[in-house]
>>> print(open('work33.csv').read())   # CSV, C-alpha atoms
chain,number,residue,atom,x,y,z
N,909,MET,CA,147.9,129.3,96.4
N,910,LEU,CA,144.8,127.2,96.3
N,911,THR,CA,142.0,127.3,98.7
N,912,ARG,CA,139.5,124.5,99.0
N,913,ALA,CA,136.1,124.2,100.6
N,914,LYS,CA,132.9,122.4,100.2
N,915,ALA,CA,129.8,124.5,99.2
N,916,ASN,CA,126.4,123.8,100.6
N,917,PRO,CA,124.4,122.0,97.8
N,918,VAL,CA,121.0,123.4,96.7
N,919,PRO,CA,118.6,120.6,95.9
N,920,ALA,CA,117.6,120.3,92.2
N,921,ASP,CA,114.0,121.1,91.3
N,922,HIS,CA,113.8,117.6,89.8
N,923,PRO,CA,116.1,115.5,92.0
N,924,GLY,CA,114.7,112.3,90.3
N,925,GLU,CA,116.5,113.4,87.2
N,926,SER,CA,119.9,113.5,88.9
N,927,PRO,CA,122.4,111.1,87.4
N,928,GLU,CA,122.8,109.3,90.8
N,929,ALA,CA,119.2,108.1,90.4
N,930,SER,CA,120.2,105.9,87.5
N,931,PRO,CA,120.9,102.2,88.3
N,932,ASP,CA,124.0,102.4,86.2
N,933,ASN,CA,125.4,105.2,88.3
N,934,ALA,CA,124.3,103.9,91.7
N,935,ARG,CA,127.7,102.7,92.8
N,936,ARG,CA,128.8,106.1,94.3
N,937,PRO,CA,127.8,109.7,94.2
N,938,LEU,CA,129.2,111.8,91.3
N,939,THR,CA,132.0,114.2,92.2
N,940,GLY,CA,132.3,117.7,90.8
N,941,TRP,CA,134.8,120.6,91.0
N,942,ALA,CA,133.9,124.3,90.5
N,943,LEU,CA,137.2,125.7,89.5
N,944,THR,CA,137.9,129.5,89.0
N,945,ALA,CA,140.4,132.1,89.9
N,946,GLY,CA,138.1,133.2,92.7
N,947,GLY,CA,135.8,135.7,91.0
N,948,MET,CA,132.4,135.4,92.6
N,949,GLY,CA,130.5,135.9,89.3
N,950,HIS,CA,132.4,133.0,87.8
N,951,GLU,CA,132.1,130.8,90.8
N,952,VAL,CA,128.4,131.2,91.3
N,953,GLN,CA,127.8,130.0,87.7
N,954,CYS,CA,129.9,126.9,88.2
N,955,LEU,CA,128.2,126.1,91.5
N,956,GLY,CA,124.8,126.5,89.9
N,957,VAL,CA,125.5,123.9,87.2
N,958,LEU,CA,126.9,121.3,89.6
N,959,GLU,CA,124.0,121.8,92.1
N,960,ALA,CA,121.5,121.4,89.3
N,961,LEU,CA,123.1,118.0,88.6
N,962,GLY,CA,122.6,117.0,92.3
N,963,ILE,CA,126.4,117.1,92.8
N,964,GLU,CA,127.9,118.5,96.0
N,965,PRO,CA,130.5,120.9,94.6
N,966,ILE,CA,134.1,121.1,95.8
N,967,VAL,CA,135.3,124.6,95.2
N,968,LYS,CA,138.8,125.1,93.8
N,969,HIS,CA,140.5,128.4,93.5
N,970,VAL,CA,143.7,128.8,91.5
N,971,SER,CA,146.1,131.6,91.6
N,972,PRO,CA,148.8,131.3,88.9
N,973,GLY,CA,151.8,133.5,88.9
N,974,ARG,CA,152.4,136.5,86.6
N,975,LEU,CA,154.0,134.4,83.8
N,976,HIS,CA,151.2,131.8,83.7
N,977,LYS,CA,148.6,134.5,83.9
N,978,ALA,CA,150.1,136.2,80.8
N,979,MET,CA,150.1,132.9,78.9
N,980,ALA,CA,146.5,131.9,79.7
N,981,PRO,CA,144.4,130.5,78.2
N,982,TRP,CA,146.9,129.0,75.7
N,983,GLY,CA,149.8,128.3,78.1
N,984,PRO,CA,150.3,125.5,80.6
N,985,ALA,CA,148.7,125.3,84.0
N,986,ALA,CA,150.8,126.5,86.8
N,987,PRO,CA,151.9,123.8,89.3
N,988,ASP,CA,149.4,123.6,92.1
N,989,THR,CA,149.4,120.8,94.8
N,990,GLY,CA,145.7,121.1,95.2
N,991,ILE,CA,145.0,120.2,91.6
N,992,SER,CA,145.7,116.5,91.9
N,993,PRO,CA,143.9,113.1,91.7
N,994,PRO,CA,141.4,111.8,92.3
N,995,TRP,CA,140.0,113.7,89.4
N,996,PRO,CA,136.3,114.6,89.5
N,997,ASP,CA,133.6,113.1,87.4
N,998,VAL,CA,132.6,116.6,86.3
N,999,LEU,CA,134.7,119.7,86.2
N,1000,VAL,CA,133.1,123.1,85.6
N,1001,VAL,CA,135.4,126.1,85.1
N,1002,SER,CA,134.9,129.7,84.3
N,1003,GLY,CA,137.4,132.5,83.6
N,1004,ARG,CA,140.5,132.7,81.4
N,1005,GLN,CA,142.9,131.7,84.3
N,1006,ALA,CA,141.0,128.4,84.8
N,1007,ILE,CA,141.2,127.2,81.2
N,1008,PRO,CA,144.8,125.8,81.4
N,1009,TYR,CA,143.7,123.7,84.3
N,1010,ALA,CA,140.6,122.4,82.5
N,1011,ARG,CA,142.9,121.4,79.6
N,1012,SER,CA,145.3,119.7,82.0
N,1013,ILE,CA,142.7,117.8,83.9
N,1014,LYS,CA,141.0,116.5,80.8
N,1015,ARG,CA,144.4,115.2,79.6
N,1016,ARG,CA,145.6,113.8,83.0
N,1017,SER,CA,142.3,112.1,83.7
N,1018,GLY,CA,142.5,110.2,80.4
N,1019,GLY,CA,139.3,111.9,79.3
N,1020,ARG,CA,137.3,110.4,82.1
N,1021,THR,CA,136.5,113.8,83.6
N,1022,ILE,CA,133.8,115.7,81.8
N,1023,THR,CA,135.1,119.2,81.2
N,1024,VAL,CA,132.5,122.0,81.1
N,1025,VAL,CA,133.6,125.6,80.4
N,1026,LEU,CA,131.3,128.5,81.1
N,1027,GLN,CA,132.0,131.6,79.0
N,1028,SER,CA,134.1,131.6,75.8
N,1029,PRO,CA,137.4,129.8,76.6
N,1030,GLY,CA,139.5,131.8,74.2
N,1031,VAL,CA,140.8,128.5,72.7
N,1032,PRO,CA,139.0,126.0,70.5
N,1033,ALA,CA,135.7,124.8,72.1
N,1034,SER,CA,136.4,121.3,70.7
N,1035,TRP,CA,139.1,120.9,73.4
N,1036,PHE,CA,136.4,120.5,76.0
N,1037,ASP,CA,133.3,118.3,76.3
N,1038,LEU,CA,130.8,121.2,76.6
N,1039,VAL,CA,131.1,125.0,76.4
N,1040,TRP,CA,128.4,127.5,77.4
N,1041,VAL,CA,128.3,131.1,76.1
N,1042,PRO,CA,125.7,133.9,76.3
N,1043,GLU,CA,123.8,134.4,73.1
N,1044,HIS,CA,125.5,137.7,72.3
N,1045,ASP,CA,128.8,135.7,72.1
N,1046,ARG,CA,129.6,134.7,68.5
N,1047,LEU,CA,131.2,131.3,69.4
N,1048,ARG,CA,129.2,128.4,68.1
N,1049,GLY,CA,129.9,124.7,67.6
N,1050,ASN,CA,128.6,121.1,68.0
N,1051,ASN,CA,129.4,121.1,71.7
N,1052,VAL,CA,128.5,124.8,72.4
N,1053,ILE,CA,125.3,125.9,74.2
N,1054,ALA,CA,124.2,129.5,73.8
N,1055,THR,CA,121.4,130.9,76.0
N,1056,LEU,CA,120.0,134.4,76.6
N,1057,THR,CA,120.8,134.4,80.3
N,1058,SER,CA,123.6,133.0,82.5
N,1059,PRO,CA,123.6,129.9,84.8
N,1060,HIS,CA,123.0,130.6,88.4
N,1061,ARG,CA,122.2,129.0,91.8
N,1062,LEU,CA,118.5,129.7,92.0
N,1063,THR,CA,115.8,127.1,92.1
N,1064,HIS,CA,112.1,127.7,92.5
N,1065,LYS,CA,112.1,125.5,95.6
N,1066,ARG,CA,114.9,127.5,97.1
N,1067,LEU,CA,113.1,130.8,96.5
N,1068,GLN,CA,109.9,129.5,98.0
N,1069,ALA,CA,111.7,128.2,101.1
N,1070,GLU,CA,113.6,131.5,101.5
N,1071,ALA,CA,110.4,133.5,101.2
N,1072,GLU,CA,108.6,131.4,103.7
N,1073,ALA,CA,111.5,131.6,106.2
N,1074,HIS,CA,111.6,135.4,106.0
N,1075,ALA,CA,108.0,136.4,105.5
N,1076,GLU,CA,107.6,137.6,109.1
N,1077,GLU,CA,110.5,140.1,108.7
N,1078,VAL,CA,108.6,142.0,106.0
N,1079,ALA,CA,105.0,141.4,107.2
N,1080,HIS,CA,104.7,145.1,108.1
N,1081,LEU,CA,105.2,146.2,104.4
N,1082,PRO,CA,102.3,146.8,102.1
N,1083,ARG,CA,101.8,144.7,99.0
N,1084,PRO,CA,102.8,144.2,96.3
N,1085,LEU,CA,106.4,143.8,97.3
N,1086,VAL,CA,108.9,145.1,94.7
N,1087,THR,CA,112.5,143.8,95.1
N,1088,VAL,CA,115.2,146.3,94.0
N,1089,LEU,CA,118.6,144.7,93.0
N,1090,VAL,CA,121.3,147.4,93.0
N,1091,GLY,CA,124.7,147.0,91.4
N,1092,GLY,CA,127.4,149.6,91.1
N,1093,THR,CA,130.2,151.1,89.1
N,1094,SER,CA,131.8,148.8,86.6
N,1095,GLY,CA,133.8,149.0,83.5
N,1096,ALA,CA,130.7,149.8,81.5
N,1097,TYR,CA,128.5,151.8,83.9
N,1098,THR,CA,128.7,154.6,86.5
N,1099,PHE,CA,127.0,154.5,89.9
N,1100,SER,CA,128.2,157.5,91.8
N,1101,SER,CA,126.6,159.2,94.8
N,1102,ARG,CA,124.6,161.3,92.3
N,1103,GLU,CA,123.1,158.1,90.7
N,1104,ALA,CA,122.4,156.7,94.2
N,1105,ARG,CA,120.4,159.8,95.1
N,1106,THR,CA,118.5,159.8,91.9
N,1107,LEU,CA,117.7,156.1,92.3
N,1108,ALA,CA,116.5,156.6,95.9
N,1109,GLU,CA,114.3,159.6,94.8
N,1110,ASP,CA,112.8,157.6,92.0
N,1111,LEU,CA,112.1,154.6,94.3
N,1112,ARG,CA,110.6,156.9,96.9
N,1113,THR,CA,108.2,158.4,94.4
N,1114,PHE,CA,107.4,155.0,93.0
N,1115,ALA,CA,106.6,153.4,96.4
N,1116,LEU,CA,104.5,156.3,97.5
N,1117,HIS,CA,102.6,156.5,94.2
N,1118,HIS,CA,101.8,152.8,94.0
N,1119,GLY,CA,101.5,152.1,97.8
N,1120,CYS,CA,103.9,149.2,97.5
N,1121,GLY,CA,106.7,147.9,99.7
N,1122,LEU,CA,110.3,147.9,98.7
N,1123,LEU,CA,112.9,145.3,99.5
N,1124,VAL,CA,116.3,146.8,98.5
N,1125,THR,CA,119.4,144.7,98.4
N,1126,PRO,CA,122.6,146.6,97.4
N,1127,SER,CA,125.6,144.6,96.2
N,1128,ARG,CA,129.2,144.8,97.4
N,1129,ARG,CA,129.9,147.0,94.3
N,1130,THR,CA,127.3,149.5,95.6
N,1131,GLY,CA,129.5,150.4,98.5
N,1132,LEU,CA,128.8,151.6,102.0
N,1133,GLY,CA,128.5,155.3,101.1
N,1134,LYS,CA,125.9,154.8,98.4
N,1135,THR,CA,124.0,152.2,100.5
N,1136,ALA,CA,123.8,154.8,103.3
N,1137,ILE,CA,122.3,157.3,100.8
N,1138,LEU,CA,119.6,154.8,99.8
N,1139,ARG,CA,118.8,154.0,103.4
N,1140,GLN,CA,118.6,157.7,104.4
N,1141,LEU,CA,116.4,158.8,101.5
N,1142,LEU,CA,114.1,155.8,101.8
N,1143,ALA,CA,113.7,156.0,105.6
N,1144,ASP,CA,110.2,157.5,105.4
N,1145,VAL,CA,108.7,155.1,102.9
N,1146,PRO,CA,107.7,151.4,103.4
N,1147,ALA,CA,111.1,149.9,102.5
N,1148,VAL,CA,113.7,147.6,103.9
N,1149,VAL,CA,117.2,148.4,102.7
N,1150,TRP,CA,120.0,145.9,103.5
N,1151,ASP,CA,123.0,147.7,105.1
N,1152,LEU,CA,125.6,145.2,103.8
N,1153,THR,CA,126.1,143.6,107.2
N,1154,GLY,CA,125.3,140.1,108.1
N,1155,GLU,CA,123.8,137.6,105.7
N,1156,ASN,CA,122.9,139.0,102.2
N,1157,PRO,CA,119.0,138.8,101.9
N,1158,TYR,CA,119.3,138.4,98.1
N,1159,PHE,CA,117.6,135.0,97.9
N,1160,PRO,CA,114.8,135.8,100.4
N,1161,TYR,CA,114.1,139.1,98.7
N,1162,MET,CA,113.9,137.4,95.3
N,1163,GLY,CA,111.6,134.8,96.7
N,1164,LEU,CA,109.3,137.4,98.3
N,1165,ALA,CA,109.1,139.7,95.2
N,1166,ASP,CA,106.0,140.3,93.2
N,1167,ALA,CA,108.0,142.4,90.8
N,1168,PHE,CA,111.6,143.6,90.3
N,1169,ILE,CA,113.5,146.8,89.7
N,1170,VAL,CA,117.1,145.9,88.7
N,1171,THR,CA,119.9,148.3,87.8
N,1172,CYS,CA,121.0,147.6,84.2
N,1173,ASP,CA,124.7,147.2,84.9
N,1174,SER,CA,124.5,143.5,85.8
N,1175,VAL,CA,123.8,140.7,83.4
N,1176,ASN,CA,123.6,138.2,86.2
N,1177,MET,CA,121.0,140.2,88.3
N,1178,LEU,CA,118.8,140.8,85.3
N,1179,GLY,CA,119.0,137.2,84.2
N,1180,GLU,CA,118.3,135.9,87.7
N,1181,ALA,CA,115.2,138.2,88.1
N,1182,ALA,CA,114.0,136.8,84.7
N,1183,PHE,CA,114.2,133.3,86.1
N,1184,THR,CA,111.3,134.1,88.4
N,1185,GLY,CA,108.8,134.8,85.7
N,1186,LYS,CA,107.8,138.0,87.5
N,1187,PRO,CA,107.8,141.5,86.0
N,1188,VAL,CA,111.2,143.0,85.7
N,1189,TYR,CA,112.0,146.7,85.3
N,1190,ALA,CA,115.6,147.6,84.2
N,1191,TYR,CA,116.8,150.8,85.8
N,1192,ARG,CA,119.0,152.9,83.5
N,1193,LEU,CA,122.5,154.0,84.7
N,1194,PRO,CA,125.0,156.2,82.8
N,1195,GLY,CA,127.2,154.2,80.4
N,1196,GLY,CA,126.8,150.9,78.6
N,1197,THR,CA,128.3,149.0,75.7
N,1198,PRO,CA,126.9,147.4,72.5
N,1199,LYS,CA,127.1,144.0,74.3
N,1200,PHE,CA,125.0,145.2,77.2
N,1201,GLN,CA,122.6,146.9,74.9
N,1202,LYS,CA,122.1,143.8,72.9
N,1203,PHE,CA,121.5,141.7,76.0
N,1204,GLN,CA,119.0,144.2,77.4
N,1205,GLU,CA,117.1,144.5,74.1
N,1206,ALA,CA,116.9,140.7,73.9
N,1207,LEU,CA,115.3,140.5,77.3
N,1208,ILE,CA,112.9,143.2,76.3
N,1209,ASP,CA,112.0,141.4,73.0
N,1210,TYR,CA,111.5,138.2,75.0
N,1211,GLY,CA,109.0,139.9,77.2
N,1212,ALA,CA,110.7,139.5,80.5
N,1213,VAL,CA,112.0,143.1,81.0
N,1214,ARG,CA,110.8,146.6,80.5
N,1215,TRP,CA,112.7,149.8,81.1
N,1216,PHE,CA,111.7,151.5,84.4
N,1217,ASP,CA,109.3,154.4,83.8
N,1218,GLY,CA,107.6,154.7,87.1
N,1219,ASN,CA,104.8,152.3,86.3
N,1220,LEU,CA,104.0,149.1,88.0
N,1221,ASP,CA,102.3,146.8,85.6
N,1222,SER,CA,101.7,143.0,85.7
N,1223,TRP,CA,102.7,140.7,82.9
N,1224,THR,CA,103.9,137.1,82.5
N,1225,TYR,CA,106.4,135.2,80.5
N,1226,ARG,CA,108.1,131.8,80.4
N,1227,PRO,CA,110.9,132.0,83.0
N,1228,LEU,CA,114.4,131.9,81.6
N,1229,ASP,CA,116.5,129.1,83.0
N,1230,ALA,CA,119.9,128.5,81.4
N,1231,THR,CA,121.1,126.4,84.3
N,1232,THR,CA,118.6,123.6,83.6
N,1233,GLU,CA,119.5,123.6,79.9
N,1234,ILE,CA,123.2,123.3,80.6
N,1235,ALA,CA,122.7,120.6,83.2
N,1236,ALA,CA,120.6,118.5,80.8
N,1237,ALA,CA,123.4,118.6,78.3
N,1238,VAL,CA,125.9,117.5,81.0
N,1239,ARG,CA,123.6,114.6,82.0
N,1240,GLN,CA,123.6,113.3,78.4
N,1241,LEU,CA,127.4,113.3,78.6
N,1242,ILE,CA,127.4,111.5,81.9
N,1243,ALA,CA,125.1,108.8,80.6
N,1244,THR,CA,127.6,108.0,77.8
N,1245,ARG,CA,130.7,108.1,79.9
N,1246,PRO,CA,131.9,104.9,81.6
N,1247,ARG,CA,132.3,105.1,85.3
N,1248,PRO,CA,134.4,102.8,87.5
>>> encode(input="work33.csv", output="C-alpha cells")
Amino acid sequence: MLTRAKANPVPADHPGESPEASPDNARRPLTGWALTAGGMGHEVQCLGVLEALGIEPIVKHVSPGRLHKAMAPWGPAAPDTGISPPWPDVLVVSGRQAIPYARSIKRRSGGRTITVVLQSPGVPASWFDLVWVPEHDRLRGNNVIATLTSPHRLTHKRLQAEAEAHAEEVAHLPRPLVTVLVGGTSGAYTFSSREARTLAEDLRTFALHHGCGLLVTPSRRTGLGKTAILRQLLADVPAVVWDLTGENPYFPYMGLADAFIVTCDSVNMLGEAAFTGKPVYAYRLPGGTPKFQKFQEALIDYGAVRWFDGNLDSWTYRPLDATTEIAAAVRQLIATRPRP
C-alpha cells in the first residue's frame, strides 16, 4: 500500500540556479517525486537531489507483493493506485523495488518525466535519463555519474542555521566541539555492548585529554541499550548524548562541529561529515567488506578522513558534495526537455 506525504523543502545553496528561475520555465513550479520502498537511506538521497533542484518533493512509498518483489528490477511494476497521473517533471528513485515503477512512469509519461536512478538499477542504465552510482560501483555509461560520496540533504545554509538555533543548548561545553556520529550493527559490521563500552571509554579519554566537548548522536541502529551505555560512561565528561527521544539533533550537531568522529559502518555518515570540510576521524568497528574498505581508503586518500587514533588535529580539504553534481546534471536535462 502506498503512503504519500509532502516533505519540507530545504532551500538550495544557490537558489538562483534553480530551473524555476529560468524565463522558459516560469509558467509553473517543477514537480518531483521521491519514490522508494520506504528505506530511509534511499529516501534521504532522493529528497536531497530534489531539494537541491529547488523542487518541493512528494514522497512516494511503494510496497509490491511477493511475486513482484521477486521479479524486480526486471519485472513489471505492481498495480498501485497512488502511482498515477499527473506525472512529475522529475522522478528520483532508489532501491531495486522502485526500478519497475521508474521504467513504467518513463513509458507512461511518454518520456516527459525525467527519470533519475540513485544506485545501480540492476538493469541497463540506458533505460533511464540519469543514473548515479558511488565510485566503487563498476557501472559506467554516457548517462552515469559516479562520485566518491552519496547524495544527501545537507546544505551549508542549513547547517549554519541549525547551529545558530541550537548554540545556547551547548554553550556550557568547552571548545572545540567534536561531533560523534554513531551507527550500529549491520550486515558488514558489529556494534555490540562491548563495542559501545569501548567507544565510550575511548571518547572519555579523548575528551579529557584534549579538553574538548562532545556532541554524540546515536542512530536508530545503535539501539536504546547501547545508547544507555554511552550516556552512562560519558556522564562525567563534557558531553551531550542524544537519548533517541524527541527530534534527532543530527543536523544541529553537524553544524556545530569543529571536527567529527564517525563509526566506520556508515557510508552516508562518513560522506555527510566530509561535506562539511571539517576534520573527520573514522572509528574502527569489527567487520568490514572490500567495498567498505575501498570507500574508506578513497576518503583517506582524498584527505577528508583519518583513522581515529586519539589525536585531535586540524586539516582542511575541499568539501565533497555529490548532491550538487547530480543536481547540475539534472538541470541540464530539464533545460532540454519541453514543458507544457
>>> residues_around(input="work33.csv", residues="Cys954 of chain N", least_positions_apart="4", cutoff="8 Å", atoms="all atoms listed in the file", output="list of chain:residue names")
N:Ala942, N:Leu943, N:His950, N:Leu958, N:Val1000, N:Val1001, N:Ser1002, N:Leu1026, N:Pro1059, N:His1060
>>> write_last_selection(input="work33.csv", atoms="C-alpha atoms", output="tab-separated table (two decimals), in the coordinates of the input")
chain	number	residue	atom	x	y	z
N	942	ALA	CA	133.90	124.30	90.50
N	943	LEU	CA	137.20	125.70	89.50
N	950	HIS	CA	132.40	133.00	87.80
N	958	LEU	CA	126.90	121.30	89.60
N	1000	VAL	CA	133.10	123.10	85.60
N	1001	VAL	CA	135.40	126.10	85.10
N	1002	SER	CA	134.90	129.70	84.30
N	1026	LEU	CA	131.30	128.50	81.10
N	1059	PRO	CA	123.60	129.90	84.80
N	1060	HIS	CA	123.00	130.60	88.40
>>> closest_residue(input="work33.csv", among="N:Val1024, N:Leu1067, N:Leu975, N:Met948", to="Asn1051 of chain N", atoms="only C-alpha atoms")
N:Val1024
>>> closest_residue(input="work33.csv", among="N:Gly990, N:Gly947, N:Gly1018, N:Gly1195", to="Gln1005 of chain N", atoms="all atoms listed in the file")
N:Gly947
>>> closest_residue(input="work33.csv", among="N:Cys1172, N:Ala1104, N:Ile1007, N:Met1177", to="Phe1159 of chain N", atoms="all atoms listed in the file")
N:Met1177
>>> closest_residue(input="work33.csv", among="N:Gly1218, N:Arg1016, N:Asp1110, N:Pro1194", to="Ser992 of chain N", atoms="all atoms listed in the file")
N:Arg1016
>>> residues_near_point(input="work33.csv", point="(112.2, 158.6, 97.1)", cutoff="10 Å", atoms="all atoms listed in the file", output="ChimeraX atom specification")
/N:1105-1116,1138,1140-1145
>>> atom_distance(input="work33.csv", atom1="atom CA of Val1213 of chain N", atom2="atom CA of Gln1068 of chain N")
21.9 Å
>>> atom_distance(input="work33.csv", atom1="atom CA of Asp1229 of chain N", atom2="atom CA of Phe1183 of chain N")
5.7 Å
>>> residues_around(input="work33.csv", residues="Glu1072 of chain N", least_positions_apart="4", cutoff="10 Å", atoms="only C-alpha atoms", output="PyMOL selection string")
chain N and resi 1066-1068+1076+1160+1163-1164
>>> closest_residue(input="work33.csv", among="N:Arg1102, N:Arg1046, N:Gly1003, N:Leu1241", to="Lys1199 of chain N", atoms="only C-alpha atoms")
N:Arg1046
>>> closest_residue(input="work33.csv", among="N:Ser1127, N:Thr1023, N:Ser1034, N:Ser1174", to="Tyr1097 of chain N", atoms="all atoms listed in the file")
N:Ser1174
>>> closest_atom_pairs(input="work33.csv", of="segment 938-1021 of chain N", to="segment 1028-1033 of chain N", cutoff="7 Å", atoms="only C-alpha atoms", output="tab-separated table")
residue	atom	partner	partner_atom	distance
N:Pro981	CA	N:Gly1030	CA	6.5
N:Trp982	CA	N:Val1031	CA	6.8
N:Arg1004	CA	N:Pro1029	CA	6.4
N:Ile1007	CA	N:Pro1029	CA	6.5
>>> residues_around(input="work33.csv", residues="Ala1181 of chain N", least_positions_apart="6", cutoff="9 Å", atoms="only C-alpha atoms", output="number ranges by chain")
N: 1089, 1162, 1167-1170, 1187-1188, 1212
>>> atom_distance(input="work33.csv", atom1="atom CA of Val1041 of chain N", atom2="atom CA of Thr1055 of chain N")
6.9 Å
>>> decode(input="work33.csv", residues="segment 1124-1146 of chain N", atoms="N, CA and C atoms", output="compact mmCIF listing (two decimals), in the first residue's frame")
# COMPACT_ATOMS: atom_id res chain seq x y z
N VAL N 1124 27.23 13.83 20.88
CA VAL N 1124 27.11 12.43 20.45
C VAL N 1124 25.69 12.17 20.00
N THR N 1125 25.53 11.77 18.74
CA THR N 1125 24.21 11.43 18.24
C THR N 1125 24.19 9.99 17.73
N PRO N 1126 23.63 9.07 18.55
CA PRO N 1126 23.45 7.70 18.07
C PRO N 1126 22.40 7.67 16.96
N SER N 1127 22.37 6.57 16.24
CA SER N 1127 21.33 6.38 15.23
C SER N 1127 20.34 5.35 15.74
N ARG N 1128 19.28 5.15 14.99
CA ARG N 1128 18.31 4.13 15.39
C ARG N 1128 18.96 2.75 15.44
N ARG N 1129 19.95 2.51 14.59
CA ARG N 1129 20.64 1.22 14.61
C ARG N 1129 21.46 1.01 15.88
N THR N 1130 21.82 2.10 16.54
CA THR N 1130 22.59 1.98 17.77
C THR N 1130 21.79 1.25 18.84
N GLY N 1131 20.52 1.60 18.96
CA GLY N 1131 19.65 0.95 19.92
C GLY N 1131 19.67 1.60 21.29
N LEU N 1132 18.60 1.38 22.05
CA LEU N 1132 18.46 2.01 23.36
C LEU N 1132 19.50 1.51 24.35
N GLY N 1133 19.79 0.21 24.34
CA GLY N 1133 20.73 -0.34 25.30
C GLY N 1133 22.13 0.21 25.14
N LYS N 1134 22.61 0.26 23.92
CA LYS N 1134 23.97 0.77 23.70
C LYS N 1134 24.04 2.29 23.84
N THR N 1135 22.93 2.95 23.53
CA THR N 1135 22.88 4.39 23.79
C THR N 1135 22.96 4.66 25.29
N ALA N 1136 22.30 3.84 26.09
CA ALA N 1136 22.36 3.98 27.54
C ALA N 1136 23.79 3.79 28.05
N ILE N 1137 24.52 2.86 27.44
CA ILE N 1137 25.92 2.64 27.83
C ILE N 1137 26.74 3.90 27.55
N LEU N 1138 26.55 4.49 26.38
CA LEU N 1138 27.28 5.71 26.04
C LEU N 1138 26.95 6.83 27.02
N ARG N 1139 25.68 6.99 27.33
CA ARG N 1139 25.27 8.06 28.24
C ARG N 1139 25.85 7.85 29.64
N GLN N 1140 25.85 6.61 30.09
CA GLN N 1140 26.34 6.32 31.43
C GLN N 1140 27.85 6.56 31.55
N LEU N 1141 28.60 6.06 30.58
CA LEU N 1141 30.07 6.15 30.68
C LEU N 1141 30.60 7.53 30.32
N LEU N 1142 29.77 8.37 29.70
CA LEU N 1142 30.20 9.73 29.37
C LEU N 1142 29.56 10.77 30.29
N ALA N 1143 28.94 10.31 31.35
CA ALA N 1143 28.21 11.22 32.23
C ALA N 1143 29.11 12.22 32.94
N ASP N 1144 30.38 11.86 33.16
CA ASP N 1144 31.25 12.76 33.92
C ASP N 1144 32.24 13.51 33.04
N VAL N 1145 31.97 13.56 31.73
CA VAL N 1145 32.83 14.33 30.83
C VAL N 1145 31.96 15.39 30.15
N PRO N 1146 32.56 16.44 29.60
CA PRO N 1146 31.75 17.48 28.92
C PRO N 1146 31.18 16.94 27.61
